[in-house]
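Quick look at final_6.txt (compact mmCIF, C-alpha atoms and all ligand atoms):
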# COMPACT_ATOMS: atom_id res chain seq x y z
CA MET I 12 0.00 0.00 0.00
CA ALA I 13 1.29 3.45 -0.88
CA LYS I 14 2.37 5.61 1.99
CA GLN I 15 1.00 9.05 2.71
CA ALA I 16 3.17 12.05 3.47
CA LEU I 17 2.52 14.19 6.52
CA THR I 18 4.35 17.36 7.46
CA LEU I 19 4.44 17.75 11.22
CA PRO I 20 4.43 21.12 13.02
CA ASN I 21 8.16 20.69 13.76
CA GLY I 22 8.80 20.79 10.00
CA GLU I 23 9.60 17.10 9.70
CA THR I 24 7.82 15.26 6.90
CA ILE I 25 7.07 11.64 7.65
CA LEU I 26 5.50 8.86 5.64
CA TYR I 27 2.72 6.89 7.18
CA GLN I 28 0.61 3.91 6.33
CA LEU I 29 -3.11 4.67 6.01
CA GLU I 30 -5.46 1.75 6.54
CA ARG I 31 -9.18 2.26 6.11
CA ARG I 32 -11.19 0.20 8.55
CA PRO I 33 -14.84 -0.20 9.46
CA ARG I 34 -14.49 1.84 12.63
CA ARG I 35 -15.63 5.17 13.95
CA THR I 36 -12.51 6.65 15.43
CA ILE I 37 -8.97 7.14 14.27
CA GLY I 38 -6.33 4.86 15.77
CA LEU I 39 -2.62 5.54 15.66
CA LYS I 40 0.22 3.16 16.31
CA ILE I 41 3.95 3.23 15.86
CA THR I 42 5.51 0.09 14.43
CA ASP I 43 8.99 -0.78 13.17
CA ASP I 44 7.72 0.61 9.88
CA GLY I 45 6.74 3.96 11.36
CA LEU I 46 3.33 5.49 11.88
CA VAL I 47 0.24 3.44 10.97
CA VAL I 48 -3.13 5.18 10.93
CA HIS I 49 -6.37 3.25 11.13
CA ALA I 50 -9.12 5.51 9.86
CA PRO I 51 -12.85 5.04 9.37
CA LYS I 52 -13.81 4.18 5.80
CA ARG I 53 -15.67 7.43 5.43
CA ILE I 54 -13.61 10.32 6.63
CA PHE I 55 -12.62 13.41 4.72
CA GLU I 56 -8.98 14.02 4.03
CA PHE I 57 -9.08 17.38 5.82
CA GLN I 58 -10.65 15.81 8.93
CA LEU I 59 -7.98 13.15 9.03
CA HIS I 60 -5.30 15.81 8.64
CA GLN I 61 -6.79 17.89 11.42
CA ILE I 62 -6.78 14.95 13.82
CA LEU I 63 -3.22 13.97 12.93
CA MET I 64 -2.14 17.55 13.64
CA GLN I 65 -3.82 17.41 17.04
CA LYS I 66 -1.88 14.25 17.77
CA ALA I 67 1.36 15.60 16.33
CA SER I 68 3.30 15.88 19.59
CA TRP I 69 2.36 12.30 20.50
CA ILE I 70 3.53 11.15 17.05
CA ILE I 71 6.82 13.06 17.32
CA ASP I 72 7.54 11.73 20.82
CA LYS I 73 6.76 8.12 19.92
CA LEU I 74 8.76 8.17 16.72
CA GLU I 75 11.72 9.62 18.54
CA ALA I 76 11.49 7.06 21.36
CA ARG I 77 11.47 4.29 18.74
CA ARG I 78 14.50 5.69 17.00
CA ASN I 79 16.42 6.02 20.27
CA ASN I 80 15.58 2.49 21.38
CA PHE I 81 16.18 0.85 18.09
CA VAL I 82 19.21 -1.41 18.25
CA PRO I 83 20.08 -2.92 14.89
CA PRO I 84 20.81 -6.65 15.05
CA ILE I 85 24.40 -7.80 14.65
CA VAL I 86 25.34 -8.80 11.14
CA TRP I 87 27.92 -11.56 11.60
CA GLN I 88 30.36 -10.44 8.95
CA ASP I 89 33.58 -8.53 8.45
CA GLY I 90 33.37 -4.88 9.49
CA GLU I 91 30.61 -5.21 12.10
CA THR I 92 30.98 -3.35 15.40
CA LEU I 93 30.76 -5.36 18.63
CA MET I 94 30.93 -4.24 22.25
CA LEU I 95 33.54 -5.33 24.75
CA PHE I 96 33.78 -3.85 28.27
CA GLY I 97 31.61 -0.97 27.11
CA ASN I 98 33.83 -0.10 24.15
CA PRO I 99 33.17 -0.64 20.47
CA ILE I 100 35.46 -3.17 18.82
CA LEU I 101 35.74 -4.25 15.21
CA LEU I 102 34.77 -7.71 14.03
CA SER I 103 37.32 -8.67 11.43
CA VAL I 104 36.57 -11.82 9.44
CA ALA I 105 39.00 -13.38 7.00
CA GLN I 106 38.72 -16.45 4.82
CA ASN I 107 41.26 -19.09 5.82
CA ASP I 108 41.80 -22.74 4.93
CA LYS I 109 42.21 -23.56 8.58
CA ASN I 110 39.91 -22.77 11.44
CA LYS I 111 42.05 -20.55 13.68
CA GLN I 112 41.50 -19.44 17.24
CA PRO I 113 40.02 -15.91 17.40
CA GLU I 114 42.56 -13.23 18.29
CA PHE I 115 41.95 -9.88 19.90
CA ILE I 116 44.49 -7.36 18.59
CA ASN I 117 44.35 -3.57 18.23
CA ASN I 118 40.75 -3.32 19.25
CA SER I 119 39.60 -5.86 16.71
CA LEU I 120 38.47 -9.42 17.13
CA LYS I 121 40.04 -11.34 14.30
CA ILE I 122 38.28 -14.44 13.07
CA ALA I 123 39.86 -16.67 10.42
CA SER I 124 37.61 -19.39 9.13
CA PRO I 125 37.00 -21.57 6.06
CA GLU I 126 33.39 -20.45 6.47
CA ALA I 127 33.97 -16.68 6.46
CA ASN I 128 30.65 -16.09 4.71
CA ASN I 129 28.64 -18.32 6.99
CA HIS I 130 27.06 -15.89 9.47
CA ALA I 131 25.94 -18.67 11.84
CA ALA I 132 29.47 -20.09 11.97
CA ILE I 133 30.98 -16.65 12.66
CA ARG I 134 28.41 -16.01 15.35
CA ARG I 135 29.29 -19.31 17.01
CA LYS I 136 33.00 -18.53 16.98
CA VAL I 137 32.51 -15.04 18.39
CA THR I 138 30.14 -16.09 21.16
CA GLN I 139 32.47 -18.94 22.13
CA TRP I 140 35.28 -16.43 22.44
CA TYR I 141 33.13 -14.10 24.55
CA LYS I 142 32.19 -16.95 26.87
CA LYS I 143 35.80 -17.97 27.29
CA GLN I 144 36.83 -14.41 28.16
CA ALA I 145 33.79 -13.99 30.41
CA ILE I 146 34.63 -16.94 32.64
CA LEU I 147 38.21 -15.66 33.08
CA ASP I 148 37.28 -12.03 33.64
CA PHE I 149 34.26 -12.65 35.88
CA GLY I 150 36.26 -15.19 37.88
CA ARG I 151 38.98 -12.64 38.65
CA ARG I 152 36.46 -10.00 39.68
CA LEU I 153 34.50 -12.48 41.79
CA GLU I 154 37.62 -13.42 43.70
CA ILE I 155 38.57 -9.81 44.45
CA LEU I 156 35.06 -8.77 45.44
CA ALA I 157 34.41 -11.89 47.54
CA THR I 158 37.59 -11.16 49.47
CA LYS I 159 36.39 -7.59 49.99
CA LEU I 160 33.12 -8.94 51.40
CA GLY I 161 35.01 -11.44 53.56
CA VAL I 162 33.54 -14.58 51.99
CA VAL I 163 35.11 -17.53 50.19
CA PRO I 164 34.80 -17.00 46.42
CA PRO I 165 31.76 -19.06 45.38
CA PRO I 166 31.73 -21.46 42.39
CA LEU I 167 31.05 -19.53 39.18
CA SER I 168 29.32 -20.59 35.98
CA LEU I 169 27.96 -18.76 32.98
CA SER I 170 24.33 -18.37 32.06
CA ASN I 171 22.67 -17.70 28.75
CA ALA I 172 19.45 -16.28 30.20
CA GLN I 173 17.45 -13.83 28.13
CA SER I 174 16.26 -11.72 31.02
CA ARG I 175 18.57 -12.17 34.01
CA TRP I 176 22.12 -10.93 34.42
CA GLY I 177 23.03 -13.02 37.39
CA SER I 178 21.73 -15.40 39.99
CA CYS I 179 22.84 -16.95 43.22
CA SER I 180 21.48 -20.34 44.24
CA SER I 181 20.63 -21.36 47.78
CA ARG I 182 23.75 -23.55 47.67
CA GLY I 183 25.76 -20.41 47.01
CA ASP I 184 26.62 -20.95 43.34
CA VAL I 185 26.85 -17.76 41.31
CA ARG I 186 25.81 -17.68 37.67
CA LEU I 187 26.53 -14.70 35.47
CA ASN I 188 25.29 -13.97 31.98
CA TRP I 189 28.22 -14.09 29.56
CA ARG I 190 26.70 -11.15 27.62
CA LEU I 191 27.77 -8.90 30.50
CA LEU I 192 31.27 -9.00 29.03
CA GLN I 193 29.99 -6.38 26.60
CA ALA I 194 29.14 -4.01 29.47
CA PRO I 195 31.47 -1.45 31.08
CA PRO I 196 33.57 -2.96 33.91
CA HIS I 197 31.74 -1.10 36.69
CA ILE I 198 28.46 -2.69 35.54
CA ILE I 199 30.02 -6.17 35.63
CA ASN I 200 31.32 -5.37 39.12
CA TYR I 201 27.88 -4.25 40.23
CA VAL I 202 26.20 -7.48 39.08
CA ILE I 203 28.88 -9.52 40.86
CA CYS I 204 28.48 -7.48 44.06
CA HIS I 205 24.73 -8.01 43.85
CA GLU I 206 25.08 -11.78 43.61
CA LEU I 207 27.75 -11.92 46.29
CA ALA I 208 25.50 -9.96 48.63
CA HIS I 209 22.99 -12.81 48.27
CA LEU I 210 25.49 -15.07 50.03
CA LYS I 211 24.69 -13.01 53.12
CA GLU I 212 21.05 -12.14 52.42
CA MET I 213 18.99 -14.46 50.22
CA ASN I 214 16.38 -11.77 49.47
CA HIS I 215 16.05 -8.18 48.33
CA SER I 216 15.41 -6.68 51.76
CA ALA I 217 16.85 -3.44 53.08
CA ARG I 218 19.53 -5.54 54.82
CA PHE I 219 20.44 -7.04 51.44
CA TRP I 220 20.83 -3.61 49.81
CA ALA I 221 22.96 -2.47 52.73
CA VAL I 222 25.36 -5.34 51.98
CA VAL I 223 25.37 -4.36 48.28
CA ALA I 224 26.07 -0.73 49.23
CA SER I 225 29.00 -1.78 51.45
CA LEU I 226 30.61 -3.32 48.34
CA PHE I 227 29.29 -1.00 45.66
CA PRO I 228 28.00 2.34 47.04
CA ASP I 229 26.69 3.65 43.71
CA TYR I 230 24.54 0.56 43.06
CA LYS I 231 21.34 2.48 42.25
CA LYS I 232 22.97 4.27 39.37
CA ALA I 233 24.52 1.04 38.10
CA GLU I 234 21.18 -0.74 38.28
CA LYS I 235 19.62 2.00 36.11
CA GLU I 236 22.51 1.96 33.66
CA LEU I 237 22.25 -1.80 33.32
CA LYS I 238 18.55 -1.55 32.56
CA ALA I 239 19.17 1.09 29.88
CA LEU I 240 21.97 -1.00 28.42
CA SER I 241 19.99 -4.23 28.23
CA PRO I 242 18.73 -3.96 24.62
CA GLN I 243 22.30 -3.31 23.52
CA LEU I 244 23.66 -6.28 25.47
CA HIS I 245 21.01 -8.57 24.01
CA ARG I 246 22.13 -7.86 20.48
CA MET I 247 24.58 -10.67 20.94
ZN ZN I 301 19.14 -10.32 43.52
Whole structure given in structure tokens:
Amino acid sequence: MAKQALTLPNGETILYQLERRPRRTIGLKITDDGLVVHAPKRIFEFQLHQILMQKASWIIDKLEARRNNFVPPIVWQDGETLMLFGNPILLSVAQNDKNKQPEFINNSLKIASPEANNHAAIRRKVTQWYKKQAILDFGRRLEILATKLGVVPPPLSLSNAQSRWGSCSSRGDVRLNWRLLQAPPHIINYVICHELAHLKEMNHSARFWAVVASLFPDYKKAEKELKALSPQLHRM
């Protein structure tokens, strides 16, 4: 269906999808494709325009929120940008007869593979590398922070959860999401402090947060940052 043009009061011209429906009111929604307008079958063009103008600030706000939140998916090929410890790094993929171990040099992760054009294969190699680094890095941090808290460093494993960054079992095993390796170091530290604090308080009570604060005073800010960062971290 052809798109309609609409010039908003802020001077921006957008294209929107107009769908005529057997309904009495106008409905607006913002999709990945932009603005979609559901309009009654019988409505004059000028009436529709008038209503869209009344809703202009809503449309502008929603479109902007979409744009700001939109995180393009990773394309597993040479030249893509990945995140490591909060910094952008380059994914460098080269065709090679032999399957080599990934190397991290000069801010780029170098992958050499006979399947350089196979996105799934490249993805597998990269995520394996991230997991390997994650267990080393998180393990070191866990040891330091456990010592600071005065507890024996608990057993550590990696998780692949879609929604949780860390967990601590009743037996005292800590699991951390390997995707956290993409986050800035202070965020990784915060998640570790959070899970370590559960070794003392198996809940989210005020006493628990006091333990977190003793290890990581600025935990509220970190918690917010982590939330804002989540869509980015889930790209991988
Ligand atoms: Zn918790």
Inset, instruction - Can you pull out every residue within 12 Å of range 78-94 of chain I, counting all atoms listed in the file, but drop anything in the same chain fewer than 2 positions away, and send it as a PyMOL selection string? - result: chain I and resi 41-45+71-76+96-106+118-124+126-138+141+190-195+239-247
Legend entry - Residues within 9 Å of (29.3, 0.9, 42.4), file coords, only C-alpha atoms, listed as JSON, numbers by chain: {"I": [197, 198, 200, 201, 204, 223, 224, 226, 227, 228, 229, 230, 231, 232, 233]}
Go ahead and write the residues just picked, C-alpha atoms, as a compact mmCIF listing (two decimals), in the coordinates of the input.
# COMPACT_ATOMS: atom_id res chain seq x y z
CA HIS I 197 31.74 -1.10 36.69
CA ILE I 198 28.46 -2.69 35.54
CA ASN I 200 31.32 -5.37 39.12
CA TYR I 201 27.88 -4.25 40.23
CA CYS I 204 28.48 -7.48 44.06
CA VAL I 223 25.37 -4.36 48.28
CA ALA I 224 26.07 -0.73 49.23
CA LEU I 226 30.61 -3.32 48.34
CA PHE I 227 29.29 -1.00 45.66
CA PRO I 228 28.00 2.34 47.04
CA ASP I 229 26.69 3.65 43.71
CA TYR I 230 24.54 0.56 43.06
CA LYS I 231 21.34 2.48 42.25
CA LYS I 232 22.97 4.27 39.37
CA ALA I 233 24.52 1.04 38.10
For chain I versus ligand ZN 301 (chain I), which residues have an atom no more than 9 Å away, and what is each residue's nearest atom pair and distance in Å rounded to one decimal, using all atoms listed in the file, chain-then-number order, as JSON lines?
{"residue": "I:Gly177", "atom": "CA", "partner": "I:ZN301", "partner_atom": "ZN", "distance": 7.7}
{"residue": "I:Ser178", "atom": "CA", "partner": "I:ZN301", "partner_atom": "ZN", "distance": 6.7}
{"residue": "I:Cys179", "atom": "CA", "partner": "I:ZN301", "partner_atom": "ZN", "distance": 7.6}
{"residue": "I:Val202", "atom": "CA", "partner": "I:ZN301", "partner_atom": "ZN", "distance": 8.8}
{"residue": "I:His205", "atom": "CA", "partner": "I:ZN301", "partner_atom": "ZN", "distance": 6.1}
{"residue": "I:Glu206", "atom": "CA", "partner": "I:ZN301", "partner_atom": "ZN", "distance": 6.1}
{"residue": "I:Ala208", "atom": "CA", "partner": "I:ZN301", "partner_atom": "ZN", "distance": 8.2}
{"residue": "I:His209", "atom": "CA", "partner": "I:ZN301", "partner_atom": "ZN", "distance": 6.6}
{"residue": "I:Met213", "atom": "CA", "partner": "I:ZN301", "partner_atom": "ZN", "distance": 7.9}
{"residue": "I:Asn214", "atom": "CA", "partner": "I:ZN301", "partner_atom": "ZN", "distance": 6.7}
{"residue": "I:His215", "atom": "CA", "partner": "I:ZN301", "partner_atom": "ZN", "distance": 6.1}
{"residue": "I:Phe219", "atom": "CA", "partner": "I:ZN301", "partner_atom": "ZN", "distance": 8.7}
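Reported to one decimal place, the separation of CA of His49 in chain I from CA of Glu30 in chain I is 4.9 Å.
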Legend entry - Computed interatomic separation between CA of Ser168 in chain I and CA of Leu187 in chain I (Å): 6.5 Å
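Here CA of Lys40 in chain I stands at a distance of 20.6 Å from CA of Gly22 in chain I.
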Inset, instruction - Find the residues near Ala67 in chain I: any atom within 9 Å, counting all atoms listed in the file, skip ones fewer than 4 places away on the same chain, and give them as a list in words. - result: Leu19, Pro20, Asn21, Ile62, Leu63, Ile71 and Asp72 of chain I
